[in-house]
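Raw run_27.csv, CSV, C-alpha atoms and all ligand atoms:
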chain,number,residue,atom,x,y,z
A,268,MET,CA,95.9,-7.2,-32.9
A,269,ILE,CA,93.0,-6.7,-30.5
A,270,LYS,CA,89.6,-7.8,-31.9
A,271,VAL,CA,86.4,-5.9,-31.2
A,272,ALA,CA,83.2,-7.5,-32.2
A,273,ILE,CA,79.8,-5.8,-32.5
A,274,LEU,CA,76.9,-8.1,-31.5
A,275,GLY,CA,73.2,-7.8,-30.9
A,276,LYS,CA,69.8,-8.8,-32.2
A,277,PRO,CA,68.9,-8.0,-35.8
A,278,ASN,CA,68.3,-4.4,-36.8
A,279,VAL,CA,69.7,-2.7,-33.7
A,280,GLY,CA,72.2,-0.7,-35.7
A,281,LYS,CA,75.3,-2.9,-35.6
A,282,SER,CA,76.3,-2.2,-39.2
A,283,SER,CA,75.6,1.5,-38.7
A,284,LEU,CA,77.9,1.6,-35.8
A,285,PHE,CA,80.5,-0.4,-37.7
A,286,ASN,CA,80.4,2.2,-40.6
A,287,ARG,CA,80.7,5.0,-38.1
A,288,ILE,CA,83.8,3.6,-36.5
A,289,VAL,CA,85.6,2.6,-39.8
A,290,LYS,CA,84.5,6.0,-41.2
A,291,ARG,CA,83.2,4.5,-44.5
A,292,ARG,CA,80.0,3.2,-45.9
A,293,ASP,CA,81.3,-0.3,-45.9
A,294,ALA,CA,78.7,-2.5,-44.3
A,295,ILE,CA,75.2,-2.7,-45.8
A,296,ILE,CA,72.6,-0.9,-43.8
A,297,SER,CA,68.9,-1.4,-44.2
A,298,GLU,CA,65.7,-1.1,-42.2
A,299,LYS,CA,65.0,-4.8,-42.9
A,300,ALA,CA,66.1,-7.1,-40.1
A,301,GLY,CA,68.6,-9.7,-41.0
A,302,THR,CA,70.6,-7.7,-43.6
A,303,THR,CA,74.1,-8.8,-42.3
A,304,ARG,CA,74.6,-12.5,-42.7
A,305,ASP,CA,78.3,-12.9,-42.6
A,306,ILE,CA,81.1,-11.4,-40.7
A,307,LYS,CA,82.6,-8.1,-41.9
A,308,LYS,CA,86.1,-7.3,-40.8
A,309,ARG,CA,88.2,-4.1,-41.0
A,310,ILE,CA,91.4,-2.8,-39.5
A,311,VAL,CA,90.7,0.5,-37.7
A,312,ASN,CA,93.0,3.3,-37.0
A,313,ILE,CA,91.4,5.8,-34.6
A,314,ASP,CA,94.5,7.9,-34.1
A,315,ASP,CA,98.2,7.3,-34.4
A,316,ASP,CA,98.5,7.5,-30.7
A,317,TYR,CA,96.4,4.3,-30.4
A,318,GLU,CA,97.1,0.9,-31.6
A,319,ASP,CA,95.1,-0.4,-34.6
A,320,PHE,CA,92.5,-2.9,-33.9
A,321,ILE,CA,90.2,-5.3,-35.9
A,322,LEU,CA,86.5,-4.4,-35.9
A,323,LEU,CA,84.0,-7.1,-36.7
A,324,ASP,CA,80.4,-6.7,-37.7
A,325,THR,CA,78.2,-9.7,-37.2
A,326,GLY,CA,74.7,-10.9,-38.2
A,327,GLY,CA,71.9,-10.5,-35.7
A,328,LEU,CA,71.3,-13.0,-32.9
A,329,GLU,CA,68.0,-14.5,-33.7
A,330,LYS,CA,66.0,-17.8,-33.8
A,331,ARG,CA,64.2,-17.4,-37.1
A,332,ASP,CA,65.0,-20.4,-39.3
A,333,GLU,CA,67.9,-22.6,-40.3
A,334,LEU,CA,69.7,-19.8,-42.2
A,335,PHE,CA,69.5,-17.5,-39.3
A,336,GLU,CA,70.7,-20.3,-36.9
A,337,LYS,CA,73.8,-20.3,-39.1
A,338,VAL,CA,74.1,-16.5,-38.9
A,339,LYS,CA,73.8,-16.7,-35.2
A,340,GLU,CA,76.4,-19.5,-34.9
A,341,LYS,CA,78.9,-17.4,-36.9
A,342,ALA,CA,78.3,-14.4,-34.7
A,343,LEU,CA,78.8,-16.3,-31.5
A,344,LEU,CA,82.0,-17.9,-32.8
A,345,THR,CA,83.3,-14.4,-33.6
A,346,ALA,CA,82.4,-13.3,-30.1
A,347,LYS,CA,84.4,-16.1,-28.7
A,348,GLU,CA,87.5,-14.9,-30.5
A,349,ALA,CA,87.0,-11.3,-29.7
A,350,ASP,CA,88.9,-9.4,-26.9
A,351,LEU,CA,86.0,-7.0,-26.5
A,352,ILE,CA,82.3,-7.2,-27.4
A,353,LEU,CA,80.1,-4.2,-28.0
A,354,TYR,CA,76.6,-5.5,-27.4
A,355,LEU,CA,74.0,-3.2,-29.0
A,356,VAL,CA,70.4,-3.0,-27.9
A,357,ASP,CA,67.5,-1.1,-29.4
A,358,ALA,CA,66.8,1.6,-26.8
A,359,LYS,CA,63.1,1.9,-28.0
A,360,THR,CA,62.2,-1.4,-26.4
A,361,ILE,CA,63.0,-3.1,-23.1
A,362,PRO,CA,65.3,-6.1,-23.5
A,363,ASP,CA,63.2,-9.3,-23.5
A,364,GLU,CA,64.2,-12.7,-21.9
A,365,GLU,CA,65.9,-13.9,-25.1
A,366,GLU,CA,68.0,-10.8,-25.3
A,367,LYS,CA,69.0,-11.1,-21.7
A,368,LYS,CA,69.9,-14.8,-22.3
A,369,TYR,CA,72.3,-13.8,-25.2
A,370,PHE,CA,73.8,-11.1,-23.1
A,371,ARG,CA,74.4,-13.4,-20.1
A,372,ALA,CA,75.9,-16.0,-22.3
A,373,LEU,CA,78.3,-13.5,-23.9
A,374,GLN,CA,79.2,-12.1,-20.5
A,375,LYS,CA,80.4,-15.6,-19.4
A,376,LEU,CA,82.4,-16.1,-22.6
A,377,ASN,CA,86.1,-16.0,-22.2
A,378,LYS,CA,86.0,-15.3,-18.5
A,379,PRO,CA,88.9,-17.1,-16.8
A,380,LEU,CA,87.7,-20.1,-14.9
A,381,ILE,CA,89.1,-20.6,-11.5
A,382,LEU,CA,88.9,-23.9,-9.5
A,383,VAL,CA,88.8,-23.3,-5.7
A,384,VAL,CA,89.8,-26.3,-3.7
A,385,ASP,CA,89.2,-26.3,0.1
A,386,ASP,CA,87.4,-28.6,2.5
A,387,ASP,CA,86.2,-25.7,4.5
A,388,GLU,CA,82.9,-24.4,3.2
A,389,GLY,CA,83.5,-20.9,4.7
A,390,ILE,CA,86.8,-20.5,2.8
A,391,ARG,CA,85.3,-21.8,-0.4
A,392,SER,CA,82.5,-19.3,-0.3
A,393,LEU,CA,84.9,-16.5,0.7
A,394,LEU,CA,87.3,-17.1,-2.1
A,395,THR,CA,84.4,-17.6,-4.5
A,396,GLN,CA,82.9,-14.3,-3.6
A,397,ILE,CA,86.2,-12.4,-4.0
A,398,LEU,CA,86.9,-14.0,-7.4
A,399,VAL,CA,83.3,-13.6,-8.7
A,400,ASN,CA,83.4,-9.9,-7.7
A,401,ALA,CA,86.6,-9.5,-9.6
A,402,GLY,CA,85.0,-10.9,-12.7
A,403,TYR,CA,86.0,-14.5,-12.7
A,404,GLU,CA,84.0,-17.6,-13.2
A,405,VAL,CA,84.4,-20.0,-10.2
A,406,ILE,CA,83.9,-23.7,-9.6
A,407,THR,CA,84.7,-25.5,-6.3
A,408,ALA,CA,85.9,-28.8,-5.0
A,409,GLU,CA,86.1,-30.1,-1.5
A,410,ASN,CA,89.2,-32.3,-1.8
A,411,GLY,CA,92.1,-33.2,-4.0
A,412,LYS,CA,90.3,-36.1,-5.7
A,413,GLU,CA,87.3,-34.0,-6.6
A,414,ALA,CA,89.6,-31.3,-7.8
A,415,ILE,CA,91.4,-33.5,-10.3
A,416,GLU,CA,88.1,-34.9,-11.6
A,417,LEU,CA,86.8,-31.4,-12.1
A,418,ALA,CA,90.0,-30.1,-13.6
A,419,LYS,CA,89.9,-32.8,-16.2
A,420,LYS,CA,86.3,-32.0,-17.1
A,421,LYS,CA,86.4,-28.2,-17.0
A,422,LYS,CA,90.1,-27.3,-17.7
A,423,PRO,CA,90.2,-24.3,-15.4
A,424,ASP,CA,92.7,-21.4,-16.1
A,425,LEU,CA,93.9,-21.4,-12.5
A,426,ILE,CA,93.5,-23.5,-9.3
A,427,THR,CA,93.6,-22.4,-5.7
A,428,MET,CA,94.6,-25.4,-3.5
A,429,ASP,CA,94.3,-26.0,0.2
A,430,LEU,CA,96.9,-28.5,1.6
A,431,MET,CA,95.2,-30.3,4.5
A,432,MET,CA,92.0,-32.0,3.2
A,433,PRO,CA,90.3,-35.3,3.7
A,434,VAL,CA,90.1,-38.0,0.9
A,435,MET,CA,93.1,-36.5,-1.0
A,436,ASP,CA,95.4,-33.8,0.3
A,437,GLY,CA,96.6,-30.8,-1.8
A,438,GLU,CA,100.1,-32.0,-2.1
A,439,THR,CA,99.0,-35.3,-3.7
A,440,ALA,CA,96.6,-33.5,-5.9
A,441,ILE,CA,99.3,-31.1,-7.2
A,442,LYS,CA,101.5,-34.1,-8.0
A,443,HIS,CA,98.7,-35.7,-10.1
A,444,LEU,CA,98.0,-32.4,-11.8
A,445,ARG,CA,101.6,-31.8,-12.7
A,446,GLU,CA,101.9,-35.4,-14.1
A,447,ASP,CA,98.9,-34.9,-16.4
A,448,GLU,CA,99.9,-33.7,-19.8
A,449,GLU,CA,96.8,-31.7,-20.3
A,450,LEU,CA,96.7,-30.1,-16.8
A,451,ARG,CA,100.3,-29.5,-15.9
A,452,HIS,CA,100.3,-26.0,-17.3
A,453,ILE,CA,97.5,-24.7,-15.0
A,454,PRO,CA,98.9,-22.2,-12.5
A,455,ILE,CA,98.3,-23.3,-8.9
A,456,VAL,CA,98.1,-21.1,-5.9
A,457,ILE,CA,98.4,-22.8,-2.5
A,458,VAL,CA,96.1,-21.2,0.0
A,459,SER,CA,96.8,-22.9,3.4
A,460,VAL,CA,97.4,-22.4,7.0
A,461,LEU,CA,100.7,-24.2,6.6
A,462,SER,CA,103.5,-21.9,5.7
A,463,LYS,CA,105.9,-24.5,4.2
A,464,LYS,CA,106.7,-23.8,0.6
A,465,GLU,CA,106.2,-27.4,-0.4
A,466,PRO,CA,105.1,-28.8,-2.8
A,467,PRO,CA,106.2,-26.5,-5.6
A,468,ALA,CA,103.4,-24.3,-6.8
A,469,ASP,CA,103.2,-21.1,-8.7
A,470,ALA,CA,102.4,-19.0,-5.6
A,471,TYR,CA,101.7,-19.5,-1.9
A,472,LEU,CA,99.3,-17.7,0.4
A,473,GLU,CA,98.9,-18.2,4.1
A,474,LYS,CA,95.4,-18.1,5.7
A,475,PRO,CA,93.9,-15.8,6.7
A,476,ILE,CA,94.4,-14.3,3.2
A,477,ASP,CA,94.7,-10.7,2.3
A,478,GLU,CA,92.1,-10.1,-0.4
A,479,GLU,CA,94.1,-7.5,-2.4
A,480,HIS,CA,97.3,-9.6,-2.3
A,481,PHE,CA,95.3,-12.7,-3.4
A,482,LEU,CA,93.7,-11.0,-6.4
A,483,GLU,CA,97.1,-9.5,-7.4
A,484,ILE,CA,98.6,-13.0,-7.5
A,485,VAL,CA,95.6,-14.4,-9.5
A,486,HIS,CA,95.7,-11.5,-12.0
A,487,THR,CA,99.5,-11.9,-12.5
A,488,LEU,CA,99.4,-15.6,-12.9
A,489,LEU,CA,96.6,-15.4,-15.4
A,490,SER,CA,98.1,-12.5,-17.4
A,491,ASP,CA,101.5,-14.2,-17.8
A,492,LYS,CA,100.2,-17.7,-18.1
A,493,LYS,CA,102.2,-18.1,-21.2
A,494,THR,CA,105.5,-16.9,-19.8
A,495,PRO,CA,106.8,-18.2,-16.5
A,496,THR,CA,104.4,-21.0,-15.7
A,497,THR,CA,104.5,-22.6,-19.1
A,498,ARG,CA,108.2,-22.2,-19.7
A,499,PRO,CA,109.5,-25.5,-20.9
A,500,CYS,CA,111.9,-27.5,-18.8
A,501,LEU,CA,115.1,-29.2,-20.0
A,502,VAL,CA,115.7,-32.0,-17.6
A,503,VAL,CA,119.2,-33.5,-17.6
A,504,LYS,CA,119.1,-37.2,-17.2
A,505,GLU,CA,121.5,-40.0,-17.9
A,506,GLU,CA,120.5,-43.0,-20.0
A,507,GLY,CA,118.5,-45.6,-18.0
A,508,GLU,CA,118.1,-43.2,-15.0
A,509,LYS,CA,114.8,-42.5,-13.5
A,510,ILE,CA,113.2,-39.1,-14.0
A,511,PRO,CA,113.5,-37.0,-10.8
A,512,GLN,CA,110.1,-36.7,-9.2
A,513,LYS,CA,110.9,-33.1,-8.2
A,514,ALA,CA,111.5,-32.2,-11.8
A,515,ILE,CA,108.0,-33.2,-12.7
A,516,LEU,CA,106.5,-31.2,-9.9
A,517,LEU,CA,108.6,-28.2,-10.8
A,518,CYS,CA,107.8,-28.1,-14.5
A,519,SER,CA,104.4,-27.0,-15.5
A,520,GLY,CA,105.3,-26.5,-19.1
A,521,GLU,CA,106.6,-28.9,-21.7
A,522,ILE,CA,109.4,-31.3,-20.5
A,523,ILE,CA,112.3,-32.1,-22.7
A,524,TYR,CA,114.9,-34.7,-21.7
A,525,CYS,CA,118.6,-34.7,-22.6
A,526,ASN,CA,121.9,-36.1,-21.4
A,527,LYS,CA,124.6,-33.9,-19.9
A,528,GLU,CA,126.6,-33.6,-23.2
A,529,GLU,CA,123.5,-32.2,-25.0
A,530,VAL,CA,122.6,-29.4,-22.6
A,531,PHE,CA,124.6,-26.6,-24.4
A,532,LEU,CA,123.7,-28.0,-27.8
A,533,LYS,CA,120.0,-27.6,-26.9
A,534,ILE,CA,120.6,-24.0,-25.7
A,535,GLU,CA,122.5,-23.2,-28.9
A,536,ALA,CA,119.6,-24.6,-30.8
A,537,GLY,CA,117.3,-22.0,-29.1
A,538,PHE,CA,116.0,-23.6,-25.9
A,539,LYS,CA,114.5,-21.0,-23.5
A,540,GLY,CA,113.2,-22.0,-20.1
A,541,THR,CA,114.3,-23.9,-17.0
A,542,VAL,CA,117.2,-26.3,-17.0
A,543,VAL,CA,116.7,-28.9,-14.3
A,544,ILE,CA,119.9,-30.7,-13.1
A,545,PRO,CA,119.9,-33.6,-10.7
A,546,TYR,CA,122.3,-33.1,-7.8
A,547,ALA,CA,124.3,-36.2,-8.9
A,548,LEU,CA,125.2,-34.5,-12.2
A,549,TYR,CA,125.7,-31.1,-10.9
A,550,HIS,CA,129.6,-31.3,-10.9
A,551,GLU,CA,129.6,-32.6,-14.4
A,552,ILE,CA,128.0,-29.6,-16.0
A,553,ASP,CA,129.4,-26.1,-16.2
A,554,VAL,CA,126.6,-24.5,-14.2
A,555,VAL,CA,128.3,-21.1,-14.0
A,556,LYS,CA,128.4,-20.9,-17.8
A,557,LEU,CA,124.9,-22.2,-18.0
A,558,SER,CA,123.5,-19.6,-15.6
A,559,LYS,CA,125.0,-16.8,-17.7
A,560,GLU,CA,122.9,-17.8,-20.6
A,561,GLN,CA,120.0,-15.5,-21.3
A,562,ASN,CA,116.5,-16.8,-21.0
A,563,VAL,CA,117.7,-19.8,-19.1
A,564,GLN,CA,117.1,-20.6,-15.4
A,565,VAL,CA,119.0,-23.3,-13.7
A,566,VAL,CA,117.5,-25.4,-10.9
A,567,ILE,CA,119.4,-28.2,-9.2
A,568,VAL,CA,117.2,-30.9,-7.6
B,601,LIG,N1,66.7,5.7,-34.9
B,601,LIG,C1,67.9,5.1,-35.1
B,601,LIG,N2,68.0,4.3,-36.1
B,601,LIG,C2,69.1,3.7,-36.4
B,601,LIG,C3,70.3,3.9,-35.5
B,601,LIG,N3,71.3,3.1,-36.0
B,601,LIG,C4,70.8,2.5,-37.1
B,601,LIG,N4,69.5,2.8,-37.3
B,601,LIG,C5,68.6,2.3,-38.4
B,601,LIG,O1,68.3,1.0,-38.0
B,601,LIG,C6,68.2,0.2,-39.2
B,601,LIG,C7,69.1,-1.0,-39.0
B,601,LIG,O2,70.4,-0.6,-39.0
B,601,LIG,P1,71.6,-1.6,-39.3
B,601,LIG,O3,72.9,-0.9,-39.0
B,601,LIG,O4,71.5,-2.2,-40.6
B,601,LIG,O5,71.3,-2.7,-38.2
B,601,LIG,P2,72.0,-4.1,-38.0
B,601,LIG,O6,72.0,-4.3,-36.5
B,601,LIG,O7,73.3,-4.2,-38.7
B,601,LIG,O8,71.0,-5.1,-38.6
B,601,LIG,P3,71.1,-6.6,-39.2
B,601,LIG,O9,72.4,-6.6,-40.0
B,601,LIG,O10,69.9,-6.8,-40.1
B,601,LIG,O11,71.2,-7.5,-38.0
B,601,LIG,C8,68.6,1.1,-40.3
B,601,LIG,O12,67.4,1.5,-41.0
B,601,LIG,C9,69.4,2.2,-39.7
B,601,LIG,O13,69.2,3.4,-40.5
B,601,LIG,C10,70.1,4.8,-34.4
B,601,LIG,O14,71.1,5.0,-33.7
B,601,LIG,N5,68.9,5.4,-34.3
B,602,MG,MG,74.0,-5.4,-40.1

As structure tokens, please, write out the structure in this file.
Amino acid sequence: MIKVAILGKPNVGKSSLFNRIVKRRDAIISEKAGTTRDIKKRIVNIDDDYEDFILLDTGGLEKRDELFEKVKEKALLTAKEADLILYLVDAKTIPDEEEKKYFRALQKLNKPLILVVDDDEGIRSLLTQILVNAGYEVITAENGKEAIELAKKKKPDLITMDLMMPVMDGETAIKHLREDEELRHIPIVIVSVLSKKEPPADAYLEKPIDEEHFLEIVHTLLSDKKTPTTRPCLVVKEEGEKIPQKAILLCSGEIIYCNKEEVFLKIEAGFKGTVVIPYALYHEIDVVKLSKEQNVQVVIV
């Protein structure tokens, strides 16, 4: 269920708005600042035509003493979990610096973070501008090596990757990212003058890029992050055999290994995702039957 949190400094009318929306005198309202100290939560049904949502009332954001530091912490934590924040201000006064600081911090919260990797300063700033205007938070790297370091530190939600770069090229960087347990699920969009569809990424874009098409790809990859790009892979491998390199590059989700006899057992047990079969084993598995299974994709490498 979608969570909507009401935030703001003390005494701006958060609880009053909460009561209005839930249509009950539920939260305590007073003219004394700092009345609400905990989180109040109610399920709201506006109309049967709309989905129910969870409304959260929070304590005011204020630096007063230790107690209110706790109240503030709780409010900010609630904001982090919310899908939407209603930030209330007192219209009688002009927002001060502290208020602006809270507002900016909340605006940054939960924004998808995109790592733009390109050695060309012009491309970096062009992609940054497009993405920032579309509401994303952006960090940049000049080569593959820097990209990996930054990805480890910042855990971006998506990476745009150039291929030809000094120090470490994009292809090598993608390989390293896909081998890293913590980073392998991050969708990667190759943005390059090269039109070859190697190495495997989640999307490819040729330079010069079309802004609309670029944003469409980014939005799609971010919105179904949990579906296609993190689908698990079932890699078929015989005892003692090496794991095919291509399988690692292909799979951005969890990788499970099994031998050729176990493939159908795994599917019966509920496996959904991509089954990767090395070419050498291709004749020993009923690929036709396998490809008829729902929720299963077959890739031969
Ligand atoms: N003039 C005016 N007063 C309001 C409005 N909304 C709320 N109030 C009054 O402002 C005071 C504070 O309202 P609350 O709803 O308790 O404010 P709050 O933001 O929840 O305050 P804390 O929980 O203390 O942080 C109360 O005396 C309300 O009656 C409004 O829209 N206009
Ligand atoms: Mg209140």

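Of the listed residues (A:Glu318, A:Asp477, A:Glu505, A:Glu329), A:Glu329 comes nearest to ligand LIG 601 (chain B); the distances count all atoms listed in the file.
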
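Inspection of the environment of ligand MG 602 (chain B), which uses all atoms listed in the file and a cut-off of 8 Å, identifies the neighbouring residues as Pro277, Asn278, Gly280, Lys281, Ser282, Ser283, Ala294, Ile295, Ile296, Ser297, Gly301, Thr302, Thr303, Arg304, Asp324, Thr325, Gly326 and Gly327 of chain A.
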
### Query
What is the CA of Leu557 in chain A to CA of Glu506 in chain A distance in Å?
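Those two atoms sit 21.4 Å apart.
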
### Task
Take CA of Val542 in chain A and CA of Pro499 in chain A and report the distance between them in Å, one decimal.
8.7 Å

### Nearest-residue call for ligand LIG 601 (chain B), choices A:Leu373, A:Val271, A:Leu323, A:Ile310, using all atoms listed in the file
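Comparing A:Leu373, A:Val271, A:Leu323, A:Ile310 against ligand LIG 601 (chain B), the winner is A:Leu323.
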
### Message
When you count only C-alpha atoms, which of these residues is closest to Lys337 in chain A: A:Asp305, A:Asp429, A:Gly402, A:Gln374?
### Response
A:Asp305

### Query
Do you know which residues are at most 7 Å from range 412-427 of chain A counting only C-alpha atoms, after dropping those on the same chain fewer than 6 positions away, and could you put them as an NGL selection string?
:A and (379-384 or 434-435 or 440 or 444 or 453-458)

Taking 2 positions as the minimum chain separation for residues in the same chain, which residues sit within 10 Å of Ala547 in chain A when counting all atoms listed in the file? Answer as a PDB file with C-alpha atoms, keeping the file's coordinate frame.
ATOM      1  CA  LYS A 504     119.100 -37.200 -17.200  1.00  0.00           C
ATOM      2  CA  ILE A 544     119.900 -30.700 -13.100  1.00  0.00           C
ATOM      3  CA  PRO A 545     119.900 -33.600 -10.700  1.00  0.00           C
ATOM      4  CA  TYR A 549     125.700 -31.100 -10.900  1.00  0.00           C
ATOM      5  CA  HIS A 550     129.600 -31.300 -10.900  1.00  0.00           C
ATOM      6  CA  GLU A 551     129.600 -32.600 -14.400  1.00  0.00           C
ATOM      7  CA  ILE A 567     119.400 -28.200  -9.200  1.00  0.00           C
ATOM      8  CA  VAL A 568     117.200 -30.900  -7.600  1.00  0.00           C
TER       9      VAL A 568
END

### Atomic distance CA of Glu521 in chain A - CA of Ser490 in chain A, expressed in Å with one decimal
19.0 Å

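Counting all atoms listed in the file, the residue from A:Leu548, A:Glu448, A:Leu393, A:Lys527 that sits nearest to Phe481 in chain A is A:Leu393.
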
### Message
Nearest residue to ligand LIG 601 (chain B) out of A:Glu364, A:Asp316, A:Asp553, A:Asp357, using all atoms listed in the file?
### Response
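Answer, going by the shortest atom-to-atom distance: A:Asp357.
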
#### Entry: Spatial neighbours of Gly275 in chain A, 7 Å, only C-alpha atoms, chain gap at least 4 places, as number ranges by chain
A: 279, 327-328, 354-356

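Closest approach to Ser459 in chain A among A:Lys378, A:Lys474, A:Lys299, A:Arg291: A:Lys474, based on only C-alpha atoms.
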
### Task
Would you mind listing what lies within 7 Å of Ile352 in chain A as a PyMOL selection string, with all atoms listed in the file counted and same-chain residues fewer than 5 positions away left out?
chain A and resi 271-274+346

Find the smallest box with edges along x, y and z containing every listed atom of range 272-276 of chain A, then add 5 Å on each side and report centre and edge lengths in Å to one decimal, as lines of an AutoDock Vina configuration file.
center_x = 76.5
center_y = -7.3
center_z = -31.7
size_x = 23.4
size_y = 13.0
size_z = 11.6

### Message
I'd like the contact shell of Glu529 in chain A - 12 Å cut-off, all atoms listed in the file, skipping same-chain residues fewer than 4 positions apart - returned as a ChimeraX atom specification.
### Response
/A:501-505,523-525,533-536,538,542,552

Missing atoms in range 401-417 of chain A should be modelled up to N, CA and C atoms and reported as a short mmCIF file (atom, residue, chain, number, x, y, z; two decimals), in the coordinates of the input.
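Result file part.cif:
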data_model
loop_
_atom_site.label_atom_id
_atom_site.label_comp_id
_atom_site.auth_asym_id
_atom_site.auth_seq_id
_atom_site.Cartn_x
_atom_site.Cartn_y
_atom_site.Cartn_z
N ALA A 401 85.54 -10.03 -8.72
CA ALA A 401 86.60 -9.50 -9.60
C ALA A 401 86.43 -9.93 -11.03
N GLY A 402 85.30 -10.57 -11.33
CA GLY A 402 85.00 -10.90 -12.70
C GLY A 402 85.37 -12.26 -13.20
N TYR A 403 85.68 -13.17 -12.28
CA TYR A 403 86.00 -14.50 -12.70
C TYR A 403 84.86 -15.47 -12.56
N GLU A 404 84.95 -16.57 -13.29
CA GLU A 404 84.00 -17.60 -13.20
C GLU A 404 84.60 -18.64 -12.20
N VAL A 405 83.81 -19.15 -11.27
CA VAL A 405 84.40 -20.00 -10.20
C VAL A 405 83.68 -21.36 -10.13
N ILE A 406 84.47 -22.42 -9.97
CA ILE A 406 83.90 -23.70 -9.60
C ILE A 406 84.66 -24.18 -8.37
N THR A 407 84.06 -25.06 -7.57
CA THR A 407 84.70 -25.50 -6.30
C THR A 407 84.79 -26.97 -6.16
N ALA A 408 85.77 -27.39 -5.37
CA ALA A 408 85.90 -28.80 -5.00
C ALA A 408 86.28 -28.90 -3.56
N GLU A 409 85.85 -30.01 -2.91
CA GLU A 409 86.10 -30.10 -1.50
C GLU A 409 87.32 -30.89 -1.08
N ASN A 410 87.92 -31.55 -2.05
CA ASN A 410 89.20 -32.30 -1.80
C ASN A 410 89.96 -32.47 -3.05
N GLY A 411 91.17 -33.02 -2.90
CA GLY A 411 92.10 -33.20 -4.00
C GLY A 411 91.48 -34.08 -5.13
N LYS A 412 90.80 -35.14 -4.71
CA LYS A 412 90.30 -36.10 -5.70
C LYS A 412 89.21 -35.42 -6.55
N GLU A 413 88.31 -34.71 -5.87
CA GLU A 413 87.30 -34.00 -6.60
C GLU A 413 87.87 -32.94 -7.51
N ALA A 414 88.93 -32.31 -7.03
CA ALA A 414 89.60 -31.30 -7.80
C ALA A 414 90.16 -31.80 -9.11
N ILE A 415 90.79 -32.96 -9.05
CA ILE A 415 91.40 -33.50 -10.30
C ILE A 415 90.27 -33.90 -11.27
N GLU A 416 89.21 -34.50 -10.75
CA GLU A 416 88.10 -34.90 -11.60
C GLU A 416 87.51 -33.63 -12.34
N LEU A 417 87.34 -32.59 -11.54
CA LEU A 417 86.80 -31.40 -12.10
C LEU A 417 87.71 -30.66 -13.05
#
